[in-house]
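Structure first, commentary second.
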Amino acid sequence: MDQGSLSGVRVVEVGVFMAAPFAGMQLADLGADVVKVEPPGRGDPARQVGPYLQGEGSAFVRLNRNKRSVAVDLKHPDGKAVLTRLLATADVFLQNLRPGAMDALGFDYESVRAVNPRLVYVSLSGWGQDGPRASLPGLDVMAQARAGLMSITGEPDGPPAKVGVPLCDLTCGLYAALAAVAALRSRDHSGAGQHVDVSLFESAVSMGIWEAGRYFATGEVGGRLGSAHQSTAPYQAFATADGWVTFGAVTPRTWVAACAVLGLGELADDPRLADAYQRQLLRSELTPVIQRATRGWQTDELVRALEKAGVPCAPIADYAEVFTDDHLGERHYYWDAPHPTLGAVRQLGSPMRMSATPPVRGRAGPSLGADSREVLREAGFAMSEIERLEAAGAVRCDGPDREGRSE
């Protein structure tokens, strides 16, 4: 596997579905050796989320790329001993079981720290490790709801809507990965690890920058504005003759330029509309006028005209267009990861472009238990021990051993 900036860092992940696996993927992309510990049998429940590629969850083999899978029964005494051995030499532990679940298994932070005081222990959850909601289940949509995101998403006269992607899961994962790297940096100086507590809820609330600016300054509570900006205009989507275009004419220069492209010079001359914030206050009058003008354009023609005039703009693309985008193609954003049974699996690229230590482009997400033997041998287990653990049901070994033998 290619080397990355986190080469030499060992991560143990007990992650399910999205947040912790997404954090683990970020660290794996940066070169960390991420060992994904899953229960024998079905593994991470994300494996059972379709569509399927020869029985493998299509999203799973993308979300868990560059990782190794070890199947361990953490309820089995021998399985607990396996995880303890793995954590003893790990640098980072990622887990997003419900608060208290790892404690019940005997892997609370204090117990793990006694085994490895240098370990960075990262807990991801819906609501945090303490507080009145800590024990409640917390999924992405619930975090979006309680964090206010759904109250400002959707059309003004429509119902609340969630963001189309699991934004809270993904943002929580990004914060967790960033915190893990920061804690490793702190360990370089102190020699000691620490516990990191990251929640979907607080990750979501942290994104309410504009809403906090308004509420803490004026006491006003924002509402649903469709695609429009909270504080400036025009900055939203407008219908064209054949689709939709977004543009933001928020500076004096881009406002005048947009008006010229759309044949709305009278708006550029109106002193009431000279300031973007004032235009936002008059949005109900302004938007229909701009909308009538944009409906006379084909999307591609309007985008070209606005781009030529220097107005930030973009068409609204569907994912078929995104996944075949020429710009991304020229930048080699998408790549194919090898998988032993699926062949080449197309991957989303990492947005972290680093000149000296670029993100790793290794392999697709592993089959359940594909790396059990290899990882356990690295942890010091003899083959006879591994065979005993497998016979006892404490581990599942589906991949080749170090000598290359496979089942």
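Letters A, B, ... mark the chains of the structure tokens in the order given; residue numbers begin at 1 per chain; ligand numbers begin at 1, in order shown.
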
Out of range 240-378 of chain A, which residues get helix (DSSP H, G or I) from DSSP, as a PyMOL selection string?
chain A and resi 252-262+265-268+271-273+276-281+283-294+299-308+319-322+326-330+372-378

Could you pull the residues within 7 Å of range 280-286 of chain A, counting only C-alpha atoms, minus those fewer than 4 positions along the same chain, as a list in words?
Ser231, Thr232, Ala233, Ala276 and Ile290 of chain A

Taking only C-alpha atoms into account, produce a table as CSV in which each residue of range 9-70 of chain A with an atom at most 7 Å from an atom of range 96-106 of chain A appears once, together with its shortest atom pair and the distance in Å to one decimal, ordered by chain and rising number.
residue,atom,partner,partner_atom,distance
A:Val14,CA,A:Asn96,CA,7.0
A:Gly15,CA,A:Asn96,CA,5.5
A:Val16,CA,A:Asn96,CA,6.8
A:Ala20,CA,A:Asn96,CA,5.7

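Omitting range 37-39 of chain A and its sequence neighbours fewer than 3 positions away, and counting only C-alpha atoms, the residues within 10 Å are Val12, Glu13, Val14, Gly15, Val16, Val34, Arg42, Gly43, Asp44, Pro45, Arg68, Ser69, Val70, Ala71, Val72, Asp73, Leu74, Lys75, Gly79, Leu83, Leu86, Gln95, Leu368, Gly369, Ser372, Ala394, Val395 and Arg396 of chain A.
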
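Nearest to Leu30 in chain A of all the residues A:Val360, A:Cys397, A:Arg113, A:Asp325 is A:Val360, based on only C-alpha atoms.
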
Applying 6 Å and only C-alpha atoms, which residues near range 189-204 of chain A remain after dropping the ones on its own chain fewer than 6 positions away? List them as a VMD selection string.
chain A and resid 117 to 128 143 147 168 to 169 172

Write the residues of the selection above to a file with all heavy atoms, as a compact mmCIF listing (two decimals), in the first residue's frame.
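Contents of result.txt, freshly written:
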# COMPACT_ATOMS: atom_id res chain seq x y z
N PRO A 117 -1.59 3.70 27.91
CA PRO A 117 -1.78 5.11 28.27
C PRO A 117 -1.51 6.09 27.12
O PRO A 117 -1.88 7.26 27.22
CB PRO A 117 -0.79 5.32 29.41
CG PRO A 117 0.24 4.25 29.25
CD PRO A 117 -0.49 3.08 28.67
N ARG A 118 -0.92 5.62 26.04
CA ARG A 118 -0.64 6.48 24.90
C ARG A 118 -1.78 6.49 23.89
O ARG A 118 -1.75 7.25 22.91
CB ARG A 118 0.65 6.04 24.20
CG ARG A 118 1.91 6.30 25.00
CD ARG A 118 3.15 5.74 24.30
NE ARG A 118 3.28 6.19 22.92
CZ ARG A 118 3.78 7.36 22.55
NH1 ARG A 118 4.18 8.23 23.48
NH2 ARG A 118 3.88 7.68 21.27
N LEU A 119 -2.81 5.71 24.13
CA LEU A 119 -3.89 5.56 23.15
C LEU A 119 -4.78 6.80 23.10
O LEU A 119 -5.18 7.34 24.13
CB LEU A 119 -4.74 4.34 23.50
CG LEU A 119 -5.83 3.98 22.49
CD1 LEU A 119 -5.23 3.39 21.23
CD2 LEU A 119 -6.83 2.99 23.12
N VAL A 120 -5.12 7.22 21.90
CA VAL A 120 -6.14 8.24 21.68
C VAL A 120 -7.46 7.51 21.46
O VAL A 120 -7.63 6.80 20.48
CB VAL A 120 -5.80 9.13 20.47
CG1 VAL A 120 -6.94 10.09 20.16
CG2 VAL A 120 -4.50 9.89 20.72
N TYR A 121 -8.37 7.67 22.39
CA TYR A 121 -9.64 6.94 22.41
C TYR A 121 -10.74 7.90 21.95
O TYR A 121 -11.05 8.87 22.63
CB TYR A 121 -9.90 6.46 23.84
CG TYR A 121 -11.08 5.54 24.08
CD1 TYR A 121 -10.90 4.29 24.67
CD2 TYR A 121 -12.38 5.93 23.79
CE1 TYR A 121 -11.97 3.44 24.93
CE2 TYR A 121 -13.46 5.10 24.05
CZ TYR A 121 -13.24 3.86 24.61
OH TYR A 121 -14.31 3.03 24.88
N VAL A 122 -11.32 7.64 20.78
CA VAL A 122 -12.29 8.55 20.17
C VAL A 122 -13.67 7.91 20.20
O VAL A 122 -13.89 6.87 19.58
CB VAL A 122 -11.90 8.90 18.72
CG1 VAL A 122 -12.87 9.92 18.15
CG2 VAL A 122 -10.47 9.42 18.66
N SER A 123 -14.59 8.55 20.91
CA SER A 123 -15.97 8.07 21.00
C SER A 123 -16.87 8.97 20.17
O SER A 123 -16.89 10.20 20.36
CB SER A 123 -16.45 8.09 22.45
OG SER A 123 -15.67 7.23 23.26
N LEU A 124 -17.62 8.38 19.24
CA LEU A 124 -18.60 9.11 18.44
C LEU A 124 -19.98 8.62 18.82
O LEU A 124 -20.20 7.41 18.99
CB LEU A 124 -18.37 8.89 16.95
CG LEU A 124 -17.01 9.28 16.36
CD1 LEU A 124 -15.99 8.15 16.50
CD2 LEU A 124 -17.14 9.64 14.88
N SER A 125 -20.92 9.54 18.97
CA SER A 125 -22.27 9.14 19.37
C SER A 125 -23.26 10.19 18.89
O SER A 125 -22.89 11.23 18.34
CB SER A 125 -22.35 9.01 20.90
OG SER A 125 -22.10 10.27 21.52
N GLY A 126 -24.54 9.90 19.12
CA GLY A 126 -25.57 10.83 18.70
C GLY A 126 -25.58 12.11 19.49
O GLY A 126 -25.65 13.21 18.94
N TRP A 127 -25.47 11.98 20.83
CA TRP A 127 -25.68 13.14 21.70
C TRP A 127 -24.52 13.44 22.62
O TRP A 127 -24.57 14.41 23.37
CB TRP A 127 -26.95 12.90 22.55
CG TRP A 127 -28.11 12.42 21.74
CD1 TRP A 127 -28.62 11.16 21.72
CD2 TRP A 127 -28.88 13.17 20.80
NE1 TRP A 127 -29.66 11.08 20.84
CE2 TRP A 127 -29.85 12.30 20.26
CE3 TRP A 127 -28.86 14.51 20.37
CZ2 TRP A 127 -30.78 12.71 19.31
CZ3 TRP A 127 -29.79 14.91 19.42
CH2 TRP A 127 -30.73 14.03 18.90
N GLY A 128 -23.47 12.63 22.60
CA GLY A 128 -22.35 12.83 23.50
C GLY A 128 -22.32 11.76 24.57
O GLY A 128 -23.29 11.01 24.76
N ALA A 143 -30.36 14.15 14.67
CA ALA A 143 -29.43 15.25 14.94
C ALA A 143 -29.77 16.46 14.07
O ALA A 143 -29.73 17.60 14.53
CB ALA A 143 -27.99 14.79 14.68
N ALA A 147 -30.78 19.90 15.94
CA ALA A 147 -29.77 20.94 15.76
C ALA A 147 -30.30 22.14 14.99
O ALA A 147 -29.56 23.11 14.77
CB ALA A 147 -28.55 20.37 15.05
N CYS A 168 -24.82 15.13 9.34
CA CYS A 168 -24.35 15.07 10.73
C CYS A 168 -23.40 13.90 10.94
O CYS A 168 -22.37 14.04 11.61
CB CYS A 168 -25.53 14.99 11.69
SG CYS A 168 -26.67 16.36 11.53
N ASP A 169 -23.74 12.75 10.37
CA ASP A 169 -22.83 11.59 10.44
C ASP A 169 -21.46 11.95 9.85
O ASP A 169 -20.41 11.67 10.45
CB ASP A 169 -23.40 10.42 9.64
CG ASP A 169 -24.41 9.60 10.42
OD1 ASP A 169 -24.26 9.49 11.65
OD2 ASP A 169 -25.34 9.07 9.81
N CYS A 172 -19.56 14.70 11.83
CA CYS A 172 -19.06 14.10 13.07
C CYS A 172 -17.81 13.27 12.79
O CYS A 172 -16.82 13.33 13.52
CB CYS A 172 -20.15 13.25 13.71
SG CYS A 172 -19.70 12.48 15.28

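For Gln298 in chain A, the list of residues within 10 Å, based on only C-alpha atoms and with local chain neighbours fewer than 5 positions off taken out, reads Ala239, Thr240, Ala241, Asp242, Gly243, Trp244, Val245 and Val303 of chain A.
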
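Here CA of Leu264 in chain A and CA of Thr287 in chain A stand 12.2 Å from one another.
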
Output as a PyMOL selection string all residues of range 107-246 of chain A that backbone DSSP marks as strand (DSSP E or B).
chain A and resi 120-125+195-199+235-239+244-246

Preceding selection exported with C-alpha atoms as a PDB file, in the first residue's frame:
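Written output follows (again_9.pdb):
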ATOM      1  CA  VAL A 120      -6.143   8.245  21.679  1.00  0.00           C
ATOM      2  CA  TYR A 121      -9.638   6.940  22.415  1.00  0.00           C
ATOM      3  CA  VAL A 122     -12.287   8.548  20.171  1.00  0.00           C
ATOM      4  CA  SER A 123     -15.966   8.072  20.998  1.00  0.00           C
ATOM      5  CA  LEU A 124     -18.596   9.114  18.442  1.00  0.00           C
ATOM      6  CA  SER A 125     -22.267   9.144  19.374  1.00  0.00           C
ATOM      7  CA  HIS A 195     -10.359  10.648  25.420  1.00  0.00           C
ATOM      8  CA  VAL A 196     -12.135  12.453  22.559  1.00  0.00           C
ATOM      9  CA  ASP A 197     -15.932  12.837  22.699  1.00  0.00           C
ATOM     10  CA  VAL A 198     -17.603  13.903  19.410  1.00  0.00           C
ATOM     11  CA  SER A 199     -21.357  13.882  18.809  1.00  0.00           C
ATOM     12  CA  TYR A 235     -27.800  34.087  -3.768  1.00  0.00           C
ATOM     13  CA  GLN A 236     -30.025  31.149  -4.667  1.00  0.00           C
ATOM     14  CA  ALA A 237     -31.343  28.905  -7.426  1.00  0.00           C
ATOM     15  CA  PHE A 238     -33.417  30.285 -10.277  1.00  0.00           C
ATOM     16  CA  ALA A 239     -35.385  28.330 -12.853  1.00  0.00           C
ATOM     17  CA  TRP A 244     -31.970  25.461 -12.812  1.00  0.00           C
ATOM     18  CA  VAL A 245     -29.010  27.736 -12.262  1.00  0.00           C
ATOM     19  CA  THR A 246     -27.544  29.137  -9.064  1.00  0.00           C
TER      20      THR A 246
END

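Closest approach to Gly248 in chain A from the set A:Cys313, A:Val289, A:Val205, A:Leu94 is made by A:Cys313, with distances taken over only C-alpha atoms.
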
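CA of Arg65 in chain A to CA of Gln347 in chain A spans 8.5 Å [interatomic distance, one decimal].
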
May I ask which of the residues A:Gly213, A:Trp255, A:Gln129, A:Ala88 is the closest one to Ala114 in chain A, counting only C-alpha atoms?
A:Ala88

Please determine, counting only C-alpha atoms, which residue among A:Pro234, A:Met142, A:Ser206, A:Val9 has the shortest atom-to-atom distance to Arg185 in chain A.
A:Val9

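Nearest residue to Val11 in chain A among A:Gln230, A:Gln26, A:Ser151, A:Ser186 is A:Gln26, counting only C-alpha atoms.
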
From the set A:Phe216, A:Leu27, A:Gly226, A:Val92, which residue has the shortest atom-to-atom contact distance to Pro156 in chain A, counting only C-alpha atoms?
A:Gly226

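Across the model, the gap from CA of Glu385 in chain A to CA of Glu56 in chain A is 29.3 Å.
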